[in-house]
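Next up, run09.txt (compact mmCIF, C-alpha atoms):
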# COMPACT_ATOMS: atom_id res chain seq x y z
CA MET A 1 179.02 45.99 96.31
CA THR A 2 180.35 44.76 99.64
CA ILE A 3 176.84 44.51 101.09
CA ILE A 4 175.48 42.75 98.01
CA SER A 5 178.41 40.31 98.00
CA LEU A 6 177.90 39.47 101.67
CA VAL A 7 174.15 38.98 101.19
CA ILE A 8 174.69 36.61 98.25
CA PHE A 9 177.43 34.70 100.08
CA THR A 10 175.38 34.21 103.25
CA ALA A 11 172.25 33.37 101.25
CA ILE A 12 174.08 30.56 99.44
CA ILE A 13 175.39 29.15 102.73
CA GLY A 14 171.92 29.49 104.21
CA LEU A 15 170.26 27.58 101.37
CA ILE A 16 172.83 24.78 101.69
CA LEU A 17 172.02 24.52 105.40
CA VAL A 18 168.27 24.59 104.66
CA TYR A 19 168.76 21.61 102.32
CA GLN A 20 170.66 19.75 105.05
CA THR A 21 168.25 20.60 107.89
CA GLY A 22 164.75 21.84 107.18
CA VAL A 23 162.38 24.65 106.22
CA LEU A 24 162.42 26.20 109.74
CA LEU A 25 165.91 27.48 109.00
CA LEU A 26 164.64 29.16 105.83
CA ILE A 27 161.71 30.84 107.58
CA ILE A 28 163.81 32.25 110.42
CA GLY A 29 166.58 33.20 108.01
CA VAL A 30 164.25 35.17 105.73
CA ILE A 31 162.71 36.96 108.72
CA SER A 32 166.16 37.83 110.02
CA PHE A 33 167.25 39.17 106.61
CA LEU A 34 164.14 41.38 106.42
CA VAL A 35 164.65 42.68 109.95
CA GLY A 36 168.31 43.32 109.16
CA TYR A 37 167.28 45.62 106.31
CA PHE A 38 164.25 47.35 107.77
CA TYR A 39 165.95 47.92 111.12
CA SER A 40 167.91 50.83 109.68
CA GLY A 41 166.73 50.97 106.05
CA GLY A 42 163.61 52.15 104.29
CA PRO A 43 161.59 55.33 104.91
CA TYR A 44 160.56 54.28 108.44
CA PRO A 45 163.47 52.32 110.00
CA ILE A 46 162.60 50.21 113.04
CA LEU A 47 165.39 51.74 115.15
CA LYS A 48 163.52 55.06 115.16
CA THR A 49 160.37 53.49 116.62
CA PRO A 50 159.40 52.04 120.04
CA LEU A 51 159.92 48.58 118.50
CA GLY A 52 163.68 48.96 118.19
CA GLU A 53 164.51 47.28 121.51
CA PRO A 54 162.29 44.15 121.27
CA VAL A 55 163.02 43.61 117.57
CA SER A 56 166.79 43.75 118.04
CA GLY A 57 166.62 41.54 121.12
CA ILE A 58 164.42 38.89 119.53
CA THR A 59 166.30 38.85 116.22
CA MET A 60 169.77 38.54 117.71
CA GLY A 61 168.83 36.92 121.01
CA PHE A 62 166.27 34.32 119.97
CA ASN A 63 166.85 33.77 116.26
CA ILE A 64 170.60 33.23 116.56
CA VAL A 65 170.21 30.85 119.52
CA ILE A 66 167.51 28.74 117.87
CA LEU A 67 169.31 28.67 114.52
CA GLY A 68 172.57 27.59 116.13
CA THR A 69 170.75 24.86 118.03
CA TYR A 70 168.53 23.73 115.15
CA ILE A 71 171.45 23.32 112.75
CA ASN A 72 173.06 20.87 115.18
CA VAL A 73 169.98 18.86 116.22
CA ALA A 74 167.66 19.06 113.18
CA THR A 75 168.05 15.38 112.34
CA THR A 76 167.60 14.13 115.90
CA VAL A 77 165.00 16.41 117.54
CA HIS A 78 161.35 16.93 116.67
CA VAL A 79 160.59 20.62 116.46
CA ASP A 80 157.35 21.30 118.31
CA GLY A 81 155.93 23.73 120.83
CA ALA A 82 157.87 22.18 123.70
CA PHE A 83 161.16 22.48 121.81
CA LEU A 84 160.49 26.12 120.90
CA GLY A 85 159.50 26.83 124.50
CA ARG A 86 162.78 25.44 125.81
CA MET A 87 164.69 27.44 123.23
CA LEU A 88 162.85 30.60 124.25
CA LEU A 89 163.77 30.03 127.89
CA VAL A 90 167.42 29.45 127.00
CA ALA A 91 167.48 32.51 124.74
CA LEU A 92 165.55 34.84 127.07
CA PRO A 93 168.61 36.19 128.95
CA THR A 94 170.26 36.98 125.60
CA ILE A 95 167.08 38.62 124.30
CA LEU A 96 166.85 40.82 127.38
CA VAL A 97 170.48 41.96 127.56
CA ILE A 98 170.65 42.73 123.83
CA SER A 99 167.38 44.67 124.03
CA ASN A 100 168.85 46.55 126.97
CA LEU A 101 171.86 47.60 124.92
CA MET A 102 169.52 49.36 122.50
CA LEU A 103 167.49 50.72 125.41
CA ALA A 104 170.59 52.16 127.09
CA ASN A 105 171.55 53.79 123.79
CA ASN A 106 168.13 55.44 123.49
CA ILE A 107 168.11 56.50 127.15
CA SER A 108 171.44 58.25 126.63
CA ASP A 109 170.35 59.83 123.33
CA LEU A 110 166.92 61.10 124.45
CA VAL A 111 167.63 64.80 123.87
CA GLU A 112 169.26 64.19 120.49
CA ASP A 113 166.47 61.82 119.39
CA GLN A 114 163.81 64.37 120.30
CA ARG A 115 165.68 67.06 118.38
CA MET A 116 165.94 64.81 115.30
CA GLY A 117 162.32 63.65 115.45
CA ARG A 118 163.02 60.03 116.39
CA HIS A 119 160.17 58.40 118.30
CA THR A 120 161.92 55.71 120.31
CA LEU A 121 160.43 54.02 123.35
CA ILE A 122 162.18 56.49 125.66
CA THR A 123 160.55 59.48 123.98
CA PHE A 124 157.21 58.02 125.12
CA ILE A 125 158.03 56.78 128.64
CA GLY A 126 160.90 59.12 129.59
CA GLN A 127 164.37 58.48 131.01
CA VAL A 128 163.26 57.64 134.55
CA ASN A 129 160.81 54.93 133.49
CA GLY A 130 163.27 53.80 130.84
CA CYS A 131 165.93 53.23 133.50
CA ARG A 132 163.40 51.26 135.57
CA VAL A 133 162.60 49.02 132.61
CA TRP A 134 166.33 48.68 131.89
CA ARG A 135 167.02 47.54 135.45
CA ILE A 136 164.07 45.10 135.55
CA CYS A 137 165.16 43.44 132.30
CA TYR A 138 168.49 42.45 133.84
CA TYR A 139 166.72 41.01 136.88
CA LEU A 140 164.44 39.05 134.52
CA ALA A 141 167.51 37.69 132.73
CA TYR A 142 168.79 36.25 136.01
CA LEU A 143 165.31 34.93 136.79
CA ALA A 144 165.14 33.18 133.41
CA ILE A 145 168.44 31.45 134.13
CA ALA A 146 167.17 30.37 137.56
CA VAL A 147 163.99 28.97 135.99
CA GLY A 148 166.09 27.22 133.33
CA ILE A 149 168.21 25.56 136.01
CA GLY A 150 165.17 24.63 138.10
CA SER A 151 163.39 23.09 135.13
CA HIS A 152 166.57 21.25 134.01
CA VAL A 153 166.59 23.06 130.67
CA LEU A 154 169.96 24.52 131.67
CA PRO A 155 172.63 22.51 133.52
CA PHE A 156 173.18 23.28 137.20
CA SER A 157 176.68 24.55 136.44
CA THR A 158 175.20 27.69 134.85
CA ILE A 159 174.55 28.84 138.42
CA VAL A 160 177.98 30.49 138.12
CA VAL A 161 176.17 33.34 136.35
CA PHE A 162 174.89 34.55 139.71
CA LEU A 163 178.45 35.27 140.83
CA THR A 164 178.31 38.26 138.47
CA PHE A 165 175.22 39.79 140.10
CA PRO A 166 177.03 42.12 142.58
CA ILE A 167 179.16 43.59 139.77
CA VAL A 168 176.15 43.89 137.45
CA GLU A 169 174.10 45.59 140.18
CA LYS A 170 176.90 48.13 140.71
CA LYS A 171 177.05 48.91 137.00
CA ILE A 172 173.26 49.18 136.79
CA ASN A 173 173.26 51.76 139.60
CA GLU A 174 176.06 53.74 137.95
CA PHE A 175 174.14 54.02 134.68
CA VAL A 176 170.79 54.80 136.32
CA HIS A 177 172.41 57.54 138.41
CA ASP A 178 173.97 59.17 135.33
CA PRO A 179 172.89 57.76 131.93
CA ASP A 180 175.56 59.24 129.71
CA LYS A 181 176.65 58.03 126.26
CA ALA A 182 180.30 58.99 126.77
CA THR A 183 180.78 57.38 130.19
CA THR A 184 178.20 54.99 131.67
CA PHE A 185 176.74 53.61 128.41
CA LEU A 186 179.75 51.28 128.34
CA ASN A 187 178.27 49.59 131.43
CA SER A 188 175.56 48.03 129.27
CA ILE A 189 178.17 46.39 127.04
CA GLN A 190 180.11 45.18 130.07
CA ILE A 191 176.95 43.70 131.60
CA ILE A 192 176.26 41.75 128.40
CA LEU A 193 179.73 40.24 128.59
CA LEU A 194 179.44 39.46 132.30
CA ILE A 195 176.11 37.64 131.98
CA LEU A 196 176.53 35.85 128.66
CA VAL A 197 180.20 34.89 128.98
CA SER A 198 179.61 33.51 132.49
CA GLU A 199 176.64 31.55 131.15
CA ILE A 200 178.83 30.11 128.39
CA ILE A 201 181.43 29.17 131.00
CA GLY A 202 178.70 27.45 133.00
CA LEU A 203 177.58 25.50 129.94
CA MET A 204 181.16 24.48 129.21
CA LEU A 205 181.59 23.28 132.80
CA SER A 206 178.63 20.92 132.29
CA LEU A 207 180.65 19.11 129.60
CA ILE A 208 183.49 18.22 131.97
Any chance you could give the structure as structure tokens?
Amino acid sequence: MTIISLVIFTAIIGLILVYQTGVLLLIIGVISFLVGYFYSGGPYPILKTPLGEPVSGITMGFNIVILGTYINVATTVHVDGAFLGRMLLVALPTILVISNLMLANNISDLVEDQRMGRHTLITFIGQVNGCRVWRICYYLAYLAIAVGIGSHVLPFSTIVVFLTFPIVEKKINEFVHDPDKATTFLNSIQIILLILVSEIIGLMLSLI
């Protein structure tokens, strides 16, 4: 009943916003609802497949960013390929760090997943390669921010994100050295906060 009530409540709010903005909100909203269900529901949930990481990253990283932006600029900005491209660049760090949270979870749970018959990405590429991908994704998140600043999609003040790199690098090395659910998995959550909160601070500084 709680789930049904929440779905109905959010659907009503969503339809009101669609009426005030445009059909793009409806399309992305429906896709997000479907992903929300099939991610852990149904006979073949997405989280038990190699698609768990990219699907979670794109849904929460890209969809939420573009929806939040679109709701505020729908009446003043023309939505075209250039707009979507800029939104993708802005959202890319979020996509990557959220995907990495799922990836870190699967790296830590490899033995349990194999025992339970889950076929995540890590069961195909192994822990070592998984840790390499995990590390590279964080570097790509920083690169995306640098490209965003260089192309003036992000304000220069978001350069403060790079102050977090030494701490993030230390936490990356700790997890890669010993990927454990009870101890170093927390590093992935801390890295998300370090990167995204510092980016938000940088965006806020641009308003001063």
Can you tell me, as a list of chain:residue names, what residues are no more than 8 Å from Leu110 (chain A) when counting all atoms listed in the file, ignoring any on the same chain fewer than 6 positions away?
A:Ile122, A:Thr123, A:Gln127
May I ask which of the residues A:Tyr139, A:Phe83, A:Tyr19, A:Phe175 is the closest one to Leu103 (chain A), counting all atoms listed in the file?
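Checking each of A:Tyr139, A:Phe83, A:Tyr19, A:Phe175 against Leu103 (chain A), counting all atoms listed in the file, the winner is A:Phe175.
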Looking at A:Asn63, A:Asn100, A:Asn105, A:Asn129, which one is nearest to Leu88 (chain A), with distances taken over all atoms listed in the file?
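Checking each of A:Asn63, A:Asn100, A:Asn105, A:Asn129 against Leu88 (chain A), counting all atoms listed in the file, the winner is A:Asn63.
Take CA of His119 (chain A) and CA of Thr49 (chain A): the distance between them is 5.2 Å.
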If you count all atoms listed in the file, the residue of A:Leu24, A:Ile172, A:Leu6, A:Val160 closest to Tyr138 (chain A) turns out to be A:Ile172
For Cys137 (chain A), which of A:Val73, A:Arg118, A:Pro54, A:Leu193 is the closest residue, counting all atoms listed in the file?
A:Pro54
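Of the residues under consideration (A:Ser56, A:Ile159, A:Gly81, A:Gly202), A:Ser56 shows the shortest atom-to-atom contact distance to Tyr37 (chain A) when counting all atoms listed in the file.
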Point-to-point distance from CA of Ala91 (chain A) to CA of Phe62 (chain A), Å rounded to tenths
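Here the two named atoms are 5.2 Å from each other.
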File output for region 42-187 of chain A (C-alpha atoms) as a PDB file, in the first residue's frame:
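The result, written out as selection.pdb:
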ATOM      1  CA  GLY A  42      10.322  -9.064 -12.265  1.00  0.00           C
ATOM      2  CA  PRO A  43      11.771 -12.507 -13.033  1.00  0.00           C
ATOM      3  CA  TYR A  44      15.063 -11.088 -14.381  1.00  0.00           C
ATOM      4  CA  PRO A  45      15.930  -7.948 -12.353  1.00  0.00           C
ATOM      5  CA  ILE A  46      18.497  -5.624 -13.920  1.00  0.00           C
ATOM      6  CA  LEU A  47      20.658  -5.560 -10.780  1.00  0.00           C
ATOM      7  CA  LYS A  48      21.540  -9.231 -11.354  1.00  0.00           C
ATOM      8  CA  THR A  49      22.861  -8.548 -14.863  1.00  0.00           C
ATOM      9  CA  PRO A  50      25.951  -6.769 -16.286  1.00  0.00           C
ATOM     10  CA  LEU A  51      23.660  -3.794 -17.021  1.00  0.00           C
ATOM     11  CA  GLY A  52      23.147  -2.917 -13.364  1.00  0.00           C
ATOM     12  CA  GLU A  53      25.939  -0.335 -13.199  1.00  0.00           C
ATOM     13  CA  PRO A  54      25.208   1.688 -16.374  1.00  0.00           C
ATOM     14  CA  VAL A  55      21.432   1.576 -15.876  1.00  0.00           C
ATOM     15  CA  SER A  56      21.614   2.853 -12.294  1.00  0.00           C
ATOM     16  CA  GLY A  57      24.151   5.521 -13.250  1.00  0.00           C
ATOM     17  CA  ILE A  58      22.196   6.803 -16.240  1.00  0.00           C
ATOM     18  CA  THR A  59      18.817   6.726 -14.486  1.00  0.00           C
ATOM     19  CA  MET A  60      19.929   8.544 -11.352  1.00  0.00           C
ATOM     20  CA  GLY A  61      22.861  10.460 -12.814  1.00  0.00           C
ATOM     21  CA  PHE A  62      21.485  11.708 -16.126  1.00  0.00           C
ATOM     22  CA  ASN A  63      17.716  11.543 -15.764  1.00  0.00           C
ATOM     23  CA  ILE A  64      17.585  13.397 -12.448  1.00  0.00           C
ATOM     24  CA  VAL A  65      19.980  16.110 -13.658  1.00  0.00           C
ATOM     25  CA  ILE A  66      18.134  16.724 -16.928  1.00  0.00           C
ATOM     26  CA  LEU A  67      14.711  16.635 -15.255  1.00  0.00           C
ATOM     27  CA  GLY A  68      15.785  19.110 -12.598  1.00  0.00           C
ATOM     28  CA  THR A  69      17.182  21.409 -15.267  1.00  0.00           C
ATOM     29  CA  TYR A  70      14.310  21.004 -17.733  1.00  0.00           C
ATOM     30  CA  ILE A  71      11.658  21.824 -15.138  1.00  0.00           C
ATOM     31  CA  ASN A  72      13.367  25.170 -14.511  1.00  0.00           C
ATOM     32  CA  VAL A  73      14.178  26.180 -18.107  1.00  0.00           C
ATOM     33  CA  ALA A  74      11.447  24.497 -20.189  1.00  0.00           C
ATOM     34  CA  THR A  75       9.800  27.783 -21.125  1.00  0.00           C
ATOM     35  CA  THR A  76      13.034  29.594 -21.999  1.00  0.00           C
ATOM     36  CA  VAL A  77      15.330  27.003 -23.628  1.00  0.00           C
ATOM     37  CA  HIS A  78      14.877  25.072 -26.864  1.00  0.00           C
ATOM     38  CA  VAL A  79      15.543  21.408 -26.264  1.00  0.00           C
ATOM     39  CA  ASP A  80      17.749  20.098 -29.066  1.00  0.00           C
ATOM     40  CA  GLY A  81      20.840  17.977 -29.541  1.00  0.00           C
ATOM     41  CA  ALA A  82      23.137  20.720 -28.283  1.00  0.00           C
ATOM     42  CA  PHE A  83      21.101  21.148 -25.093  1.00  0.00           C
ATOM     43  CA  LEU A  84      21.062  17.393 -24.431  1.00  0.00           C
ATOM     44  CA  GLY A  85      24.800  17.232 -25.116  1.00  0.00           C
ATOM     45  CA  ARG A  86      25.508  19.935 -22.544  1.00  0.00           C
ATOM     46  CA  MET A  87      23.286  18.175 -20.039  1.00  0.00           C
ATOM     47  CA  LEU A  88      25.109  14.900 -20.646  1.00  0.00           C
ATOM     48  CA  LEU A  89      28.459  16.581 -20.004  1.00  0.00           C
ATOM     49  CA  VAL A  90      27.173  18.163 -16.788  1.00  0.00           C
ATOM     50  CA  ALA A  91      25.642  14.870 -15.640  1.00  0.00           C
ATOM     51  CA  LEU A  92      28.564  12.628 -16.628  1.00  0.00           C
ATOM     52  CA  PRO A  93      30.441  12.884 -13.299  1.00  0.00           C
ATOM     53  CA  THR A  94      27.229  11.960 -11.469  1.00  0.00           C
ATOM     54  CA  ILE A  95      26.571   9.073 -13.856  1.00  0.00           C
ATOM     55  CA  LEU A  96      30.063   7.701 -13.306  1.00  0.00           C
ATOM     56  CA  VAL A  97      30.194   7.963  -9.505  1.00  0.00           C
ATOM     57  CA  ILE A  98      26.723   6.457  -9.062  1.00  0.00           C
ATOM     58  CA  SER A  99      27.600   3.610 -11.444  1.00  0.00           C
ATOM     59  CA  ASN A 100      30.755   3.089  -9.409  1.00  0.00           C
ATOM     60  CA  LEU A 101      28.748   2.694  -6.214  1.00  0.00           C
ATOM     61  CA  MET A 102      26.960  -0.275  -7.774  1.00  0.00           C
ATOM     62  CA  LEU A 103      30.247  -1.542  -9.204  1.00  0.00           C
ATOM     63  CA  ALA A 104      31.949  -1.396  -5.797  1.00  0.00           C
ATOM     64  CA  ASN A 105      29.024  -3.312  -4.319  1.00  0.00           C
ATOM     65  CA  ASN A 106      29.363  -6.059  -6.932  1.00  0.00           C
ATOM     66  CA  ILE A 107      33.151  -6.182  -6.591  1.00  0.00           C
ATOM     67  CA  SER A 108      32.761  -6.742  -2.851  1.00  0.00           C
ATOM     68  CA  ASP A 109      29.984  -9.325  -3.303  1.00  0.00           C
ATOM     69  CA  LEU A 110      31.619 -11.400  -6.067  1.00  0.00           C
ATOM     70  CA  VAL A 111      31.803 -14.654  -4.097  1.00  0.00           C
ATOM     71  CA  GLU A 112      28.248 -14.321  -2.775  1.00  0.00           C
ATOM     72  CA  ASP A 113      26.890 -13.382  -6.219  1.00  0.00           C
ATOM     73  CA  GLN A 114      28.535 -16.412  -7.805  1.00  0.00           C
ATOM     74  CA  ARG A 115      27.111 -18.652  -5.108  1.00  0.00           C
ATOM     75  CA  MET A 116      23.601 -17.229  -5.646  1.00  0.00           C
ATOM     76  CA  GLY A 117      23.784 -17.388  -9.439  1.00  0.00           C
ATOM     77  CA  ARG A 118      23.851 -13.641 -10.071  1.00  0.00           C
ATOM     78  CA  HIS A 119      25.583 -12.694 -13.320  1.00  0.00           C
ATOM     79  CA  THR A 120      26.812  -9.175 -12.635  1.00  0.00           C
ATOM     80  CA  LEU A 121      29.524  -7.443 -14.635  1.00  0.00           C
ATOM     81  CA  ILE A 122      32.165  -8.555 -12.136  1.00  0.00           C
ATOM     82  CA  THR A 123      31.315 -12.226 -12.600  1.00  0.00           C
ATOM     83  CA  PHE A 124      32.371 -11.786 -16.241  1.00  0.00           C
ATOM     84  CA  ILE A 125      35.460  -9.557 -15.925  1.00  0.00           C
ATOM     85  CA  GLY A 126      36.667 -10.485 -12.416  1.00  0.00           C
ATOM     86  CA  GLN A 127      37.633  -8.378  -9.396  1.00  0.00           C
ATOM     87  CA  VAL A 128      40.985  -7.172 -10.746  1.00  0.00           C
ATOM     88  CA  ASN A 129      39.552  -5.800 -13.986  1.00  0.00           C
ATOM     89  CA  GLY A 130      36.532  -4.536 -12.081  1.00  0.00           C
ATOM     90  CA  CYS A 131      38.786  -2.490  -9.802  1.00  0.00           C
ATOM     91  CA  ARG A 132      40.573  -1.087 -12.869  1.00  0.00           C
ATOM     92  CA  VAL A 133      37.266  -0.005 -14.399  1.00  0.00           C
ATOM     93  CA  TRP A 134      36.202   1.416 -11.030  1.00  0.00           C
ATOM     94  CA  ARG A 135      39.361   3.521 -10.799  1.00  0.00           C
ATOM     95  CA  ILE A 136      39.163   4.741 -14.418  1.00  0.00           C
ATOM     96  CA  CYS A 137      35.550   5.878 -13.979  1.00  0.00           C
ATOM     97  CA  TYR A 138      36.576   8.281 -11.218  1.00  0.00           C
ATOM     98  CA  TYR A 139      39.352   9.687 -13.388  1.00  0.00           C
ATOM     99  CA  LEU A 140      36.819  10.138 -16.207  1.00  0.00           C
ATOM    100  CA  ALA A 141      34.530  12.016 -13.808  1.00  0.00           C
ATOM    101  CA  TYR A 142      37.306  14.533 -13.128  1.00  0.00           C
ATOM    102  CA  LEU A 143      38.062  14.712 -16.855  1.00  0.00           C
ATOM    103  CA  ALA A 144      34.402  15.463 -17.626  1.00  0.00           C
ATOM    104  CA  ILE A 145      34.468  18.344 -15.146  1.00  0.00           C
ATOM    105  CA  ALA A 146      37.664  19.677 -16.725  1.00  0.00           C
ATOM    106  CA  VAL A 147      36.086  19.502 -20.189  1.00  0.00           C
ATOM    107  CA  GLY A 148      32.954  21.198 -18.837  1.00  0.00           C
ATOM    108  CA  ILE A 149      35.028  24.059 -17.445  1.00  0.00           C
ATOM    109  CA  GLY A 150      37.106  24.337 -20.623  1.00  0.00           C
ATOM    110  CA  SER A 151      34.019  24.441 -22.831  1.00  0.00           C
ATOM    111  CA  HIS A 152      32.275  26.949 -20.504  1.00  0.00           C
ATOM    112  CA  VAL A 153      29.419  24.539 -19.832  1.00  0.00           C
ATOM    113  CA  LEU A 154      30.448  24.597 -16.169  1.00  0.00           C
ATOM    114  CA  PRO A 155      31.598  27.774 -14.382  1.00  0.00           C
ATOM    115  CA  PHE A 156      35.302  28.114 -13.609  1.00  0.00           C
ATOM    116  CA  SER A 157      34.560  27.992  -9.878  1.00  0.00           C
ATOM    117  CA  THR A 158      33.817  24.258 -10.156  1.00  0.00           C
ATOM    118  CA  ILE A 159      37.586  23.807 -10.365  1.00  0.00           C
ATOM    119  CA  VAL A 160      37.386  23.420  -6.567  1.00  0.00           C
ATOM    120  CA  VAL A 161      36.421  19.798  -7.254  1.00  0.00           C
ATOM    121  CA  PHE A 162      40.057  19.028  -8.036  1.00  0.00           C
ATOM    122  CA  LEU A 163      41.020  19.858  -4.449  1.00  0.00           C
ATOM    123  CA  THR A 164      39.386  16.548  -3.519  1.00  0.00           C
ATOM    124  CA  PHE A 165      41.552  14.465  -5.872  1.00  0.00           C
ATOM    125  CA  PRO A 166      44.326  13.549  -3.366  1.00  0.00           C
ATOM    126  CA  ILE A 167      41.746  12.291  -0.846  1.00  0.00           C
ATOM    127  CA  VAL A 168      39.793  10.442  -3.547  1.00  0.00           C
ATOM    128  CA  GLU A 169      42.978   8.824  -4.870  1.00  0.00           C
ATOM    129  CA  LYS A 170      43.822   7.596  -1.362  1.00  0.00           C
ATOM    130  CA  LYS A 171      40.371   6.083  -0.933  1.00  0.00           C
ATOM    131  CA  ILE A 172      40.527   4.485  -4.386  1.00  0.00           C
ATOM    132  CA  ASN A 173      43.820   2.781  -3.479  1.00  0.00           C
ATOM    133  CA  GLU A 174      42.429   1.570  -0.153  1.00  0.00           C
ATOM    134  CA  PHE A 175      39.463  -0.109  -1.843  1.00  0.00           C
ATOM    135  CA  VAL A 176      41.487  -1.587  -4.710  1.00  0.00           C
ATOM    136  CA  HIS A 177      43.991  -3.038  -2.227  1.00  0.00           C
ATOM    137  CA  ASP A 178      41.225  -4.699  -0.187  1.00  0.00           C
ATOM    138  CA  PRO A 179      37.698  -4.580  -1.687  1.00  0.00           C
ATOM    139  CA  ASP A 180      35.644  -5.520   1.348  1.00  0.00           C
ATOM    140  CA  LYS A 181      31.943  -4.840   1.951  1.00  0.00           C
ATOM    141  CA  ALA A 182      32.358  -4.334   5.695  1.00  0.00           C
ATOM    142  CA  THR A 183      35.293  -1.914   5.569  1.00  0.00           C
ATOM    143  CA  THR A 184      36.419  -0.289   2.308  1.00  0.00           C
ATOM    144  CA  PHE A 185      33.064  -0.291   0.468  1.00  0.00           C
ATOM    145  CA  LEU A 186      32.252   2.847   2.457  1.00  0.00           C
ATOM    146  CA  ASN A 187      35.009   4.591   0.466  1.00  0.00           C
TER     147      ASN A 187
END
